[in-house]
Structures are given as structure tokens and as C-alpha cells.
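File shown: final38.csv. Contents: CSV, C-alpha atoms.
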chain,number,residue,atom,x,y,z
L,255,MET,CA,-68.5,-36.0,43.2
L,256,ILE,CA,-67.8,-33.1,40.8
L,257,GLU,CA,-68.0,-30.6,43.6
L,258,ARG,CA,-65.5,-32.5,45.7
L,259,ARG,CA,-63.0,-32.6,42.8
L,260,ARG,CA,-63.4,-28.9,42.3
L,261,GLU,CA,-62.7,-28.2,46.0
L,262,LYS,CA,-59.7,-30.4,45.9
L,263,PHE,CA,-58.4,-28.6,42.8
L,264,LEU,CA,-58.9,-25.2,44.4
L,265,LYS,CA,-57.1,-26.3,47.4
L,266,LEU,CA,-54.1,-27.5,45.4
L,267,LEU,CA,-54.4,-24.3,43.3
L,268,SER,CA,-53.1,-22.1,46.2
L,269,TYR,CA,-50.9,-19.1,45.6
L,270,ALA,CA,-47.9,-20.8,47.1
L,271,ASN,CA,-48.1,-23.8,44.7
L,272,VAL,CA,-48.7,-21.6,41.7
L,273,LEU,CA,-45.8,-19.3,42.7
L,274,LYS,CA,-43.5,-22.2,43.3
L,275,ARG,CA,-44.3,-23.8,39.9
L,276,LEU,CA,-43.9,-20.4,38.2
L,277,MET,CA,-40.5,-20.0,39.7
L,278,GLU,CA,-39.5,-23.5,38.4
L,279,VAL,CA,-40.6,-23.1,34.8
L,280,SER,CA,-40.5,-19.4,33.9
L,281,ALA,CA,-38.0,-18.5,31.1
L,282,ASP,CA,-37.6,-15.2,32.8
L,283,SER,CA,-35.0,-14.5,35.6
L,284,ILE,CA,-37.1,-13.5,38.7
L,285,SER,CA,-35.9,-12.5,42.1
L,286,VAL,CA,-37.5,-11.1,45.2
L,287,THR,CA,-35.4,-9.1,47.8
L,288,ASP,CA,-36.0,-7.7,51.2
L,289,ILE,CA,-35.5,-4.0,52.0
L,290,ASN,CA,-31.7,-4.5,52.3
L,291,GLY,CA,-31.4,-6.0,48.8
L,292,VAL,CA,-31.0,-9.6,50.1
L,293,ILE,CA,-32.6,-12.2,47.8
L,294,THR,CA,-35.4,-14.1,49.5
L,295,MET,CA,-36.9,-15.9,46.5
L,296,ALA,CA,-35.6,-16.7,43.0
L,297,SER,CA,-36.5,-18.6,39.8
L,298,ALA,CA,-34.6,-21.5,38.4
L,299,ARG,CA,-33.6,-19.3,35.5
L,300,LYS,CA,-32.0,-16.8,37.9
L,301,ALA,CA,-29.8,-19.5,39.3
L,302,LEU,CA,-28.8,-20.8,35.9
L,303,ASN,CA,-27.8,-17.3,34.7
L,304,HIS,CA,-25.3,-17.2,37.5
L,305,GLY,CA,-24.0,-20.7,37.0
L,306,MET,CA,-25.8,-22.2,40.0
L,307,LYS,CA,-27.6,-25.5,40.0
L,308,SER,CA,-30.6,-24.6,42.2
L,309,TYR,CA,-32.6,-21.5,43.1
L,310,LEU,CA,-31.8,-22.3,46.7
L,311,ASP,CA,-28.2,-21.4,46.0
L,312,VAL,CA,-29.2,-17.8,45.2
L,313,ILE,CA,-31.3,-17.3,48.4
L,314,GLY,CA,-29.5,-15.0,50.9
L,315,LYS,CA,-27.2,-13.4,48.3
L,316,THR,CA,-27.0,-9.8,47.1
L,317,ASP,CA,-26.1,-8.3,43.7
L,318,HIS,CA,-22.5,-8.0,44.9
L,319,ASP,CA,-22.4,-11.8,45.4
L,320,LEU,CA,-23.6,-12.4,41.8
L,321,PHE,CA,-22.2,-9.7,39.5
L,322,PRO,CA,-18.8,-8.1,38.8
L,323,LYS,CA,-18.4,-5.0,41.0
L,324,GLU,CA,-19.3,-2.4,38.3
L,325,GLU,CA,-22.5,-4.2,37.3
L,326,ALA,CA,-23.3,-5.0,41.0
L,327,ASP,CA,-23.1,-1.4,42.1
L,328,LYS,CA,-25.5,-0.3,39.4
L,329,THR,CA,-28.1,-3.1,39.9
L,330,PHE,CA,-28.0,-2.7,43.7
L,331,ALA,CA,-28.4,1.1,43.4
L,332,ASP,CA,-31.4,0.5,41.1
L,333,THR,CA,-33.0,-1.9,43.7
L,334,MET,CA,-32.5,0.6,46.5
L,335,ARG,CA,-34.0,3.4,44.4
L,336,VAL,CA,-37.1,1.3,43.8
L,337,ILE,CA,-37.5,0.5,47.5
L,338,GLU,CA,-36.9,4.1,48.6
L,339,THR,CA,-39.2,5.8,46.0
L,340,GLY,CA,-41.8,3.1,45.3
L,341,ILE,CA,-41.4,3.8,41.5
L,342,THR,CA,-41.2,0.9,39.1
L,343,LEU,CA,-38.0,1.0,37.0
L,344,HIS,CA,-37.7,-0.2,33.4
L,345,THR,CA,-34.1,-0.6,31.9
L,346,ILE,CA,-32.2,-2.5,29.3
L,347,GLU,CA,-29.1,-4.1,30.8
L,348,SER,CA,-26.2,-6.3,29.8
L,349,LEU,CA,-25.1,-9.3,31.9
L,350,THR,CA,-21.8,-11.1,31.5
L,351,LEU,CA,-22.5,-14.8,32.2
L,352,PRO,CA,-20.0,-17.0,34.0
L,353,ILE,CA,-19.0,-18.6,30.7
L,354,GLY,CA,-18.0,-15.2,29.4
L,355,ILE,CA,-20.9,-14.5,27.1
L,356,THR,CA,-22.6,-11.1,27.4
L,357,CYS,CA,-26.4,-11.2,27.2
L,358,TRP,CA,-29.0,-8.3,27.1
L,359,TYR,CA,-32.0,-8.2,29.3
L,360,SER,CA,-35.2,-6.1,29.5
L,361,VAL,CA,-35.4,-5.5,33.3
L,362,GLU,CA,-38.4,-4.4,35.3
L,363,LYS,CA,-38.0,-3.7,39.1
L,364,CYS,CA,-41.0,-2.8,41.1
L,365,PRO,CA,-41.7,-2.4,44.9
L,366,LEU,CA,-43.0,-5.4,47.0
L,367,ARG,CA,-45.7,-4.3,49.5
L,368,ASP,CA,-47.3,-5.9,52.4
L,369,PRO,CA,-51.2,-6.0,52.9
L,370,ASP,CA,-51.0,-2.5,54.4
L,371,GLY,CA,-49.2,-1.1,51.5
L,372,ASN,CA,-45.8,-0.8,53.2
L,373,ILE,CA,-42.8,-1.5,51.0
L,374,ILE,CA,-41.0,-4.6,52.3
L,375,GLY,CA,-38.7,-5.3,49.3
L,376,SER,CA,-38.5,-5.5,45.6
L,377,ILE,CA,-39.4,-7.8,42.7
L,378,CYS,CA,-37.1,-8.0,39.7
L,379,THR,CA,-38.0,-9.6,36.4
L,380,SER,CA,-35.4,-9.9,33.6
L,381,ARG,CA,-36.2,-11.1,30.1
L,382,ASP,CA,-33.5,-12.2,27.7
L,383,ILE,CA,-33.7,-10.0,24.6
L,384,THR,CA,-30.2,-10.8,23.2
L,385,LYS,CA,-31.6,-12.1,20.0
L,386,GLN,CA,-33.8,-9.1,19.5
L,387,ILE,CA,-30.9,-6.8,20.2
L,388,ALA,CA,-28.7,-8.7,17.7
L,389,THR,CA,-31.5,-8.5,15.1
L,390,GLN,CA,-31.8,-4.7,15.6
L,391,GLU,CA,-28.0,-4.3,15.3
L,392,GLU,CA,-28.0,-6.5,12.1
L,393,LEU,CA,-30.9,-4.3,10.8
L,394,LYS,CA,-29.0,-1.1,11.6
L,395,GLU,CA,-25.9,-2.5,9.8
L,396,ALA,CA,-28.0,-3.6,6.8
L,397,ASN,CA,-29.6,-0.2,6.6
L,398,ARG,CA,-26.2,1.5,6.8
L,399,LYS,CA,-24.8,-0.7,4.0
L,400,TYR,CA,-28.0,-0.1,1.9
L,401,ALA,CA,-27.6,3.7,2.4
L,402,GLU,CA,-23.9,3.5,1.6
L,403,ALA,CA,-24.6,1.4,-1.6
L,404,ASN,CA,-27.4,3.7,-2.6
L,405,GLU,CA,-25.1,6.7,-2.2
L,406,LYS,CA,-22.4,5.0,-4.3
L,407,LEU,CA,-25.0,4.1,-7.0
L,408,GLU,CA,-26.3,7.7,-7.1
L,409,GLU,CA,-22.7,9.0,-7.5
L,410,MET,CA,-22.0,6.3,-10.1
L,411,SER,CA,-25.1,7.3,-12.1
L,412,LYS,CA,-24.2,10.9,-11.9
L,413,ASN,CA,-20.6,10.2,-13.1
L,414,ILE,CA,-21.9,8.0,-16.0
L,415,LEU,CA,-24.4,10.7,-17.0
L,416,ASN,CA,-21.6,13.3,-17.0
L,417,LEU,CA,-19.4,10.9,-19.0
L,418,LEU,CA,-22.2,10.4,-21.6
L,419,ALA,CA,-22.7,14.1,-21.9
L,420,VAL,CA,-19.0,14.7,-22.5
L,421,ALA,CA,-18.8,11.7,-24.9
L,422,ALA,CA,-21.7,13.0,-26.9
L,423,HIS,CA,-20.0,16.4,-27.1
L,424,HIS,CA,-16.7,15.0,-28.3
L,425,LEU,CA,-18.2,12.6,-30.8
L,426,ARG,CA,-20.8,14.9,-32.3
L,427,SER,CA,-18.4,17.0,-34.3
L,428,PRO,CA,-16.4,14.2,-36.0
L,429,LEU,CA,-19.6,12.3,-36.7
L,430,THR,CA,-21.3,15.3,-38.2
L,431,SER,CA,-18.1,16.0,-40.3
L,432,LEU,CA,-18.0,12.4,-41.5
L,433,ALA,CA,-21.7,12.5,-42.5
L,434,THR,CA,-21.1,15.7,-44.4
L,435,ASP,CA,-18.1,14.3,-46.3
L,436,ILE,CA,-20.0,11.2,-47.2
L,437,LYS,CA,-22.9,13.2,-48.6
L,438,LEU,CA,-20.6,15.4,-50.6
L,439,MET,CA,-18.8,12.3,-52.0
L,440,GLN,CA,-22.2,10.8,-53.0
L,441,ARG,CA,-23.0,14.0,-54.9
L,442,GLY,CA,-19.5,14.0,-56.6
L,443,LEU,CA,-18.5,17.3,-55.1
L,444,ILE,CA,-15.2,16.1,-53.6
L,445,LYS,CA,-12.4,15.7,-56.2
L,446,ASN,CA,-9.6,14.2,-54.2
L,447,GLN,CA,-11.4,11.3,-52.6
L,448,LYS,CA,-8.2,9.5,-51.5
L,449,VAL,CA,-7.2,12.4,-49.3
L,450,THR,CA,-10.7,12.6,-48.0
L,451,PHE,CA,-10.8,8.9,-47.2
L,452,ASP,CA,-7.5,9.2,-45.4
L,453,ASP,CA,-8.8,12.1,-43.4
L,454,MET,CA,-12.0,10.2,-42.6
L,455,LEU,CA,-10.0,7.1,-41.4
L,456,LEU,CA,-7.9,9.4,-39.2
L,457,ARG,CA,-11.1,10.8,-37.6
L,458,ILE,CA,-12.6,7.4,-37.2
L,459,SER,CA,-9.4,6.2,-35.5
L,460,LYS,CA,-9.6,9.2,-33.1
L,461,MET,CA,-13.2,8.4,-32.3
L,462,GLN,CA,-12.3,4.7,-31.6
L,463,GLU,CA,-9.6,6.0,-29.2
L,464,LEU,CA,-12.1,8.2,-27.4
L,465,ILE,CA,-14.7,5.4,-27.2
L,466,THR,CA,-12.1,3.0,-25.8
L,467,ARG,CA,-11.1,5.6,-23.1
L,468,TYR,CA,-14.8,6.2,-22.2
L,469,LEU,CA,-15.4,2.4,-21.9
L,470,SER,CA,-12.3,2.1,-19.8
L,471,ILE,CA,-13.5,4.9,-17.5
L,472,THR,CA,-17.0,3.4,-17.3
L,473,ALA,CA,-15.6,0.0,-16.4
L,474,LEU,CA,-13.5,1.5,-13.5
L,475,MET,CA,-16.6,3.5,-12.3
L,476,ASN,CA,-18.5,0.2,-12.0
L,477,LYS,CA,-15.6,-1.7,-10.5
L,478,GLY,CA,-16.4,-0.8,-6.9
L,479,GLU,CA,-13.9,-1.0,-4.1
L,480,PRO,CA,-10.2,-1.5,-4.9
L,481,THR,CA,-8.8,-5.1,-4.9
L,482,ILE,CA,-5.5,-5.0,-3.1
L,483,GLU,CA,-2.9,-7.5,-4.6
L,484,LYS,CA,0.9,-7.8,-4.6
L,485,ILE,CA,2.3,-6.7,-7.9
L,486,ASP,CA,5.8,-6.3,-9.4
L,487,PHE,CA,5.6,-2.7,-10.5
L,488,SER,CA,8.7,-2.7,-12.7
L,489,VAL,CA,7.6,-5.9,-14.5
L,490,THR,CA,3.8,-6.1,-14.7
L,491,VAL,CA,3.1,-2.4,-14.9
L,492,ILE,CA,5.8,-0.3,-16.6
L,493,PRO,CA,6.7,-2.6,-19.6
L,494,PRO,CA,3.0,-3.2,-20.7
L,495,ILE,CA,2.2,0.5,-20.5
L,496,LEU,CA,5.3,1.4,-22.5
L,497,ASP,CA,4.3,-1.2,-25.1
L,498,PHE,CA,0.8,0.2,-25.2
L,499,PHE,CA,2.2,3.6,-26.2
L,500,LYS,CA,5.0,2.3,-28.3
L,501,LYS,CA,3.5,3.5,-31.6
L,502,GLY,CA,2.9,7.0,-30.3
L,503,MET,CA,6.3,7.2,-28.8
L,504,GLU,CA,8.0,6.2,-32.0
L,505,GLU,CA,6.0,8.7,-34.1
L,506,LYS,CA,7.0,11.6,-31.9
L,507,LYS,CA,10.5,10.3,-31.1
L,508,ILE,CA,9.6,10.3,-27.4
L,509,LYS,CA,11.9,8.2,-25.2
L,510,TYR,CA,11.5,6.5,-21.8
L,511,ASP,CA,14.9,7.6,-20.3
L,512,ASN,CA,16.3,5.8,-17.3
L,513,SER,CA,19.1,8.3,-17.0
L,514,LEU,CA,16.6,10.8,-15.8
L,515,GLY,CA,16.3,8.7,-12.6
L,516,GLY,CA,13.4,6.4,-13.9
L,517,ILE,CA,12.6,2.9,-12.7
L,518,ARG,CA,14.6,0.3,-14.7
L,519,THR,CA,12.4,-2.3,-16.4
L,520,ASP,CA,14.7,-5.0,-15.1
L,521,ALA,CA,14.5,-3.9,-11.5
L,522,ILE,CA,12.4,-5.5,-8.7
L,523,LEU,CA,9.8,-3.2,-7.1
L,524,VAL,CA,6.9,-4.9,-5.3
L,525,LEU,CA,3.8,-2.9,-4.3
L,526,GLU,CA,0.5,-3.9,-2.8
L,527,THR,CA,-2.3,-2.0,-4.4
L,528,ASP,CA,-5.1,-2.4,-7.1
L,529,GLN,CA,-3.3,-2.9,-10.4
L,530,THR,CA,-6.3,-1.9,-12.5
L,531,TYR,CA,-6.5,1.5,-10.8
L,532,LEU,CA,-2.7,1.9,-10.9
L,533,ASP,CA,-2.6,1.0,-14.6
L,534,ALA,CA,-5.4,3.5,-15.4
L,535,ILE,CA,-3.7,6.4,-13.5
L,536,LEU,CA,-0.3,5.8,-15.1
L,537,LYS,CA,-1.7,5.3,-18.6
L,538,ASN,CA,-3.4,8.7,-18.3
L,539,LEU,CA,-0.2,10.4,-17.0
L,540,ILE,CA,2.1,8.8,-19.6
L,541,GLY,CA,-0.5,9.2,-22.3
L,542,ASN,CA,-0.6,12.9,-21.6
L,543,VAL,CA,3.2,13.1,-21.9
L,544,ILE,CA,3.0,11.5,-25.4
L,545,LYS,CA,0.0,13.5,-26.5
L,546,HIS,CA,1.0,17.0,-25.4
L,547,SER,CA,4.8,16.9,-25.4
L,548,ASP,CA,7.0,18.2,-28.2
L,549,GLU,CA,8.8,15.8,-30.5
L,550,GLY,CA,12.0,14.4,-29.0
L,551,THR,CA,10.8,14.7,-25.4
L,552,ASN,CA,12.2,12.3,-22.8
L,553,PHE,CA,10.3,11.1,-19.8
L,554,ALA,CA,10.7,8.7,-16.9
L,555,VAL,CA,8.8,7.1,-14.0
L,556,GLY,CA,10.4,7.4,-10.6
L,557,HIS,CA,9.8,5.8,-7.2
L,558,ARG,CA,10.7,6.4,-3.5
L,559,ILE,CA,9.2,5.8,-0.1
L,560,ILE,CA,8.0,9.0,1.7
L,561,THR,CA,6.3,9.7,5.0
L,562,ARG,CA,3.2,11.8,5.1
L,563,ASP,CA,1.1,12.6,8.2
L,564,GLY,CA,2.9,9.9,10.0
L,565,LYS,CA,2.2,7.2,7.4
L,566,GLU,CA,4.5,5.7,4.7
L,567,PHE,CA,3.6,6.1,1.0
L,568,HIS,CA,4.9,4.9,-2.3
L,569,GLU,CA,5.6,8.1,-4.2
L,570,ILE,CA,5.5,7.4,-8.0
L,571,ASN,CA,6.3,10.4,-10.2
L,572,VAL,CA,5.9,10.8,-14.0
L,573,PHE,CA,8.2,13.6,-15.2
L,574,ASP,CA,9.4,14.8,-18.6
L,575,ASN,CA,11.8,17.4,-20.0
L,576,GLY,CA,9.3,18.8,-22.5
L,577,THR,CA,7.7,22.3,-22.6
L,578,PRO,CA,6.6,23.2,-19.1
L,579,ILE,CA,2.9,23.3,-18.4
L,580,THR,CA,1.5,26.9,-18.2
L,581,GLU,CA,0.2,28.4,-14.9
L,582,GLU,CA,-3.3,28.7,-16.4
L,583,VAL,CA,-3.4,24.9,-17.2
L,584,LYS,CA,-1.9,24.0,-13.8
L,585,GLU,CA,-4.8,25.7,-12.0
L,586,ARG,CA,-7.5,23.9,-14.0
L,587,MET,CA,-6.1,20.6,-15.2
L,588,PHE,CA,-7.6,18.5,-12.4
L,589,ASN,CA,-11.1,20.0,-13.0
L,590,GLU,CA,-13.5,17.6,-14.6
L,591,GLY,CA,-14.2,18.6,-18.2
L,592,PHE,CA,-11.2,20.8,-18.6
L,593,SER,CA,-9.2,20.0,-21.8
L,594,THR,CA,-6.5,21.7,-23.8
L,595,GLY,CA,-8.1,20.2,-26.9
L,596,GLY,CA,-8.6,16.8,-28.4
L,597,SER,CA,-9.3,15.0,-25.1
L,598,SER,CA,-12.3,14.1,-23.0
L,599,GLY,CA,-11.3,16.4,-20.1
L,600,LEU,CA,-11.9,13.5,-17.7
L,601,GLY,CA,-8.5,11.9,-17.5
L,602,LEU,CA,-6.8,13.8,-14.7
L,603,ALA,CA,-9.9,14.4,-12.7
L,604,HIS,CA,-10.8,10.7,-12.9
L,605,SER,CA,-7.2,9.6,-12.1
L,606,ARG,CA,-7.2,11.8,-9.0
L,607,SER,CA,-10.5,10.1,-7.9
L,608,LEU,CA,-8.9,6.7,-8.4
L,609,ALA,CA,-5.9,7.7,-6.3
L,610,GLU,CA,-8.2,8.8,-3.5
L,611,LYS,CA,-10.0,5.5,-3.7
L,612,LEU,CA,-6.6,3.9,-3.1
L,613,GLY,CA,-6.2,6.1,0.0
L,614,GLY,CA,-3.6,8.2,-1.8
L,615,TYR,CA,-3.1,11.5,-3.6
L,616,LEU,CA,-2.4,12.8,-7.1
L,617,PHE,CA,-1.0,16.2,-7.8
L,618,PHE,CA,1.4,18.3,-9.9
L,619,LYS,CA,4.7,19.6,-8.6
L,620,PRO,CA,7.5,20.7,-11.0
L,621,THR,CA,11.0,19.3,-10.6
L,622,TRP,CA,13.7,21.5,-9.0
L,623,ASP,CA,14.8,22.6,-12.5
L,624,GLY,CA,11.2,23.5,-13.6
L,625,TYR,CA,10.2,20.4,-15.6
L,626,ASN,CA,6.8,18.8,-15.6
L,627,ASN,CA,6.3,16.3,-12.7
L,628,PHE,CA,3.1,14.5,-11.7
L,629,ILE,CA,3.2,12.8,-8.4
L,630,LEU,CA,1.1,9.8,-7.3
L,631,GLN,CA,1.2,8.8,-3.6
L,632,ILE,CA,-0.4,5.5,-2.5
L,633,PRO,CA,-0.1,3.9,1.0
L,634,VAL,CA,2.5,1.3,1.9
L,635,ILE,CA,0.6,-1.7,3.1
L,636,ASN,CA,3.4,-4.1,3.9
Can you dump the structure from the file as C-alpha cells?
Amino acid sequence: MIERRREKFLKLLSYANVLKRLMEVSADSISVTDINGVITMASARKALNHGMKSYLDVIGKTDHDLFPKEEADKTFADTMRVIETGITLHTIESLTLPIGITCWYSVEKCPLRDPDGNIIGSICTSRDITKQIATQEELKEANRKYAEANEKLEEMSKNILNLLAVAAHHLRSPLTSLATDIKLMQRGLIKNQKVTFDDMLLRISKMQELITRYLSITALMNKGEPTIEKIDFSVTVIPPILDFFKKGMEEKKIKYDNSLGGIRTDAILVLETDQTYLDAILKNLIGNVIKHSDEGTNFAVGHRIITRDGKEFHEINVFDNGTPITEEVKERMFNEGFSTGGSSGLGLAHSRSLAEKLGGYLFFKPTWDGYNNFILQIPVIN
């Protein structure tokens, strides 16, 4: 009884039955061609990939019946090469499905031989690897973003370390001086303590100003990519900055003078940029005017649209009629760490870096009559 069942099973388990079943259930796209590239056998998946209901619909067709011409020429040429050379071919190919989706396949084409070893056609097996390709691309993109983020972190760390070094240098002297004065006062060696206290308060105020600037620069270093927003330059930028420097301007009788061609604070001028970056740049430029200019100097902030390298830019310039900057200072003032005294030496270098992050430029170009003129150019977005 068992022997008869075994014989019946072996009879049913013929190559033809197994092959037929394989063609029905295989997830791979399988096709067999004759020596002319005409399909003589195909799997159900092969038919589905080409928008056909049955594998019978594929029989008798060639690559040029199933693919767009460019793809058909390539796949047919590969088939002929396998038949002519007898060498198995492994490739990664894309296929545009009838519904418009492009899929990726791992393709193996090998020669089909008769019992005597003669080549009578080809066998092509295609396995869908679209998900694997997508995963690889996602991994590549993730690695690219990781490398980019790591590079930015390294640059940020370097900048912060440089900033700390400069901060330590600028704070060491006033702190040492304060400690010395306090010790002398404790020992009763300073007679006019009121003058000393006033001087100490002035030094503390300057240290607070330096620390505020360092914290501001550090915050911008950690900010990351610019946030583009629509801002009214003449309302939300200029007036707050003038108010910020109001005390210093009054002390040195420095005036924001619209008659020099500056932007009126009641005008409407809309820009699309990162306001935090723009504020920091202009505060540095205007702060330098107030800090380094003579008493009674006038300054203004101008604006116009210019074209540079075929692109439109907002050109914002901060100019003053004070003592012209010397040639020696002009050559070095954008170098990190350079200072004419009493500052961090980071302002102009950092401001230029912020301008570049906005896709723009920051440079110095005197006015036609030789006055100081710093120019900021940022792209026109809309």
C-alpha cells in the first residue's frame, strides 16, 4: 500500500508539474526564450509586471512588445549576448510598470541548453529589490546627513573653543584688576574709595557688555540654519536697534541722519530673511560706528536692489561721516581676533559668517567722497 502511494506521488512529481507550479507561485519574474528572443514560457509574476492577466498572454512576445523602446533595446541585446556567448549575465535594472511606477530588479540571464549542450534559448529570472534599493538610498542619505551634522558640530565646537579663549583673554585683565583693587581696599591702601568704586563699576559694566556679546554670539552659533521669514525692515529692525544704542548715541552726540540717504523709520521696506541674523549683523555694524566714531558723527542705513552674478540682492549699507578707517585696519578688520582695542575681535568676522549663511556678502567699500561704508548683500527671495 505504501509502495503504491509512493509510486503515485513520484508520478505526479514530474518535472513538468513542478515547473508549472513553480511558474504559478514564484514571486520572481521568470521567462524562457528561444534563440530569437521570443518568450516560450513565463511565470505568473512576469505577466503581472507587464499588466497582463495570464502568463499565456506573454507567450510569443519579445522584449520590444513588453518594454519601452530604450529598455527593450537593452534587455534584448543582453538576451542575445547570453545566447551567443553562453555566459551568464548578472545586472541591476529598472523597469517602469504600466501604472507608471519604476521598480528595481536583480536580473540573472543564463543560456538554455538541450541534452547535447547546444544553446537553444535563454532563461531570465528577475527579483524585485526595490525595497532594498530604497533602504540603501535612505541609508546613504542618513549617512550624508550624519556626516554633515558631524562636520557642523566640529566647526561649532571649534568656534566655541575659540570664543572661550578670546573671552578668557578679555576678561582676565579686568578681573585681575578688580581683585587687586579689592585687596588694596581691604588693607586700607586706597584713599579715595569713591573714585575707585566708580572705576570698578565702570569695569564691571564693560565686562557685562562683553559677556552679553559672547552669549549672543554663542546663541547664534548654536542656532543652526537660518529661518527665513517676512519682516518689515524699517519697522521691526531699524527702530529697535536705534533704541538699543540710544544711550551710547546720546553720550557721544551721534545722530542717525536720514538726510544722508538713510532709510526712514516710517517707510515700508519688506525683506524675507532671518531676522535674528540680520539684527546681529546690523547691531555689530552700528555698534562699531558708535564705539569707534568721534563725537558728533552722523550715520545712516541705506537700501537698494542690485544684481550680482545674475541674481537680485538687497544691498544694505551702514555709512558714517566720521574719521575714515585706516588702510591697515581695512586689511585686517574682518580677520577673527583682530581688534583696535576694547572689543572681542569677533564681531566683523562673525557678522561676515552670518551674511554667508544667508547666502550673501559683507564687505567694506568707502563712499564716493571717502567716508566709511559697510555693505551687506542678502538674496532677494520674493
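Taking CA of Ala301 (chain L) and CA of Lys274 (chain L) as the two end points, the separation is 14.5 Å.
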Skipping near chain neighbours, those fewer than 4 positions away, what residues fall within 9 Å of region 499-514 of chain L using all atoms listed in the file, listed as a list of chain:residue names?
L:Pro494, L:Ile495, L:Arg518, L:Lys537, L:Ile540, L:Gly541, L:Val543, L:Ile544, L:Lys545, L:Ser547, L:Asp548, L:Glu549, L:Gly550, L:Thr551, L:Asn552, L:Phe553, L:Ala554, L:Val555, L:Gly556, L:Phe573, L:Asp574
Shell around Thr527 (chain L) at 12 Å using only C-alpha atoms, local window under 4 positions removed, as a ChimeraX atom specification:
/L:479-487,491,531-533,567-568,608-609,611-614,631-636
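Close contacts of Thr339 (chain L), defined as residues with an atom at most 12 Å away when counting all atoms listed in the file, with chain neighbours fewer than 4 positions off set aside, comprise Asp332, Thr333, Met334, Arg335, Leu343, Lys363, Cys364, Pro365, Leu366, Asn372, Ile373, Gly375 and Ser376 of chain L.
Taking CA of Phe618 (chain L) and CA of Asp563 (chain L) as the two end points, the separation is 19.0 Å.
Between CA of Asp282 (chain L) and CA of Ala298 (chain L) the interatomic distance comes to 8.9 Å.
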Tell me, as a PyMOL selection string, which residues lie within 12 Å of Ala331 (chain L), counting all atoms listed in the file; anything in the same chain fewer than 4 positions away does not count.
chain L and resi 290-291+316-318+323-327+335-338+343+363
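Nearest-residue note for Trp358 (chain L): choosing from L:Ala388, L:Thr561, L:Leu602, L:Tyr309, the minimum distance belongs to L:Ala388, counting all atoms listed in the file.
If you measure from each of L:Gln440, L:Glu581, L:Asn627, L:Thr434 to Asn542 (chain L) using only C-alpha atoms, the closest one turns out to be L:Asn627.
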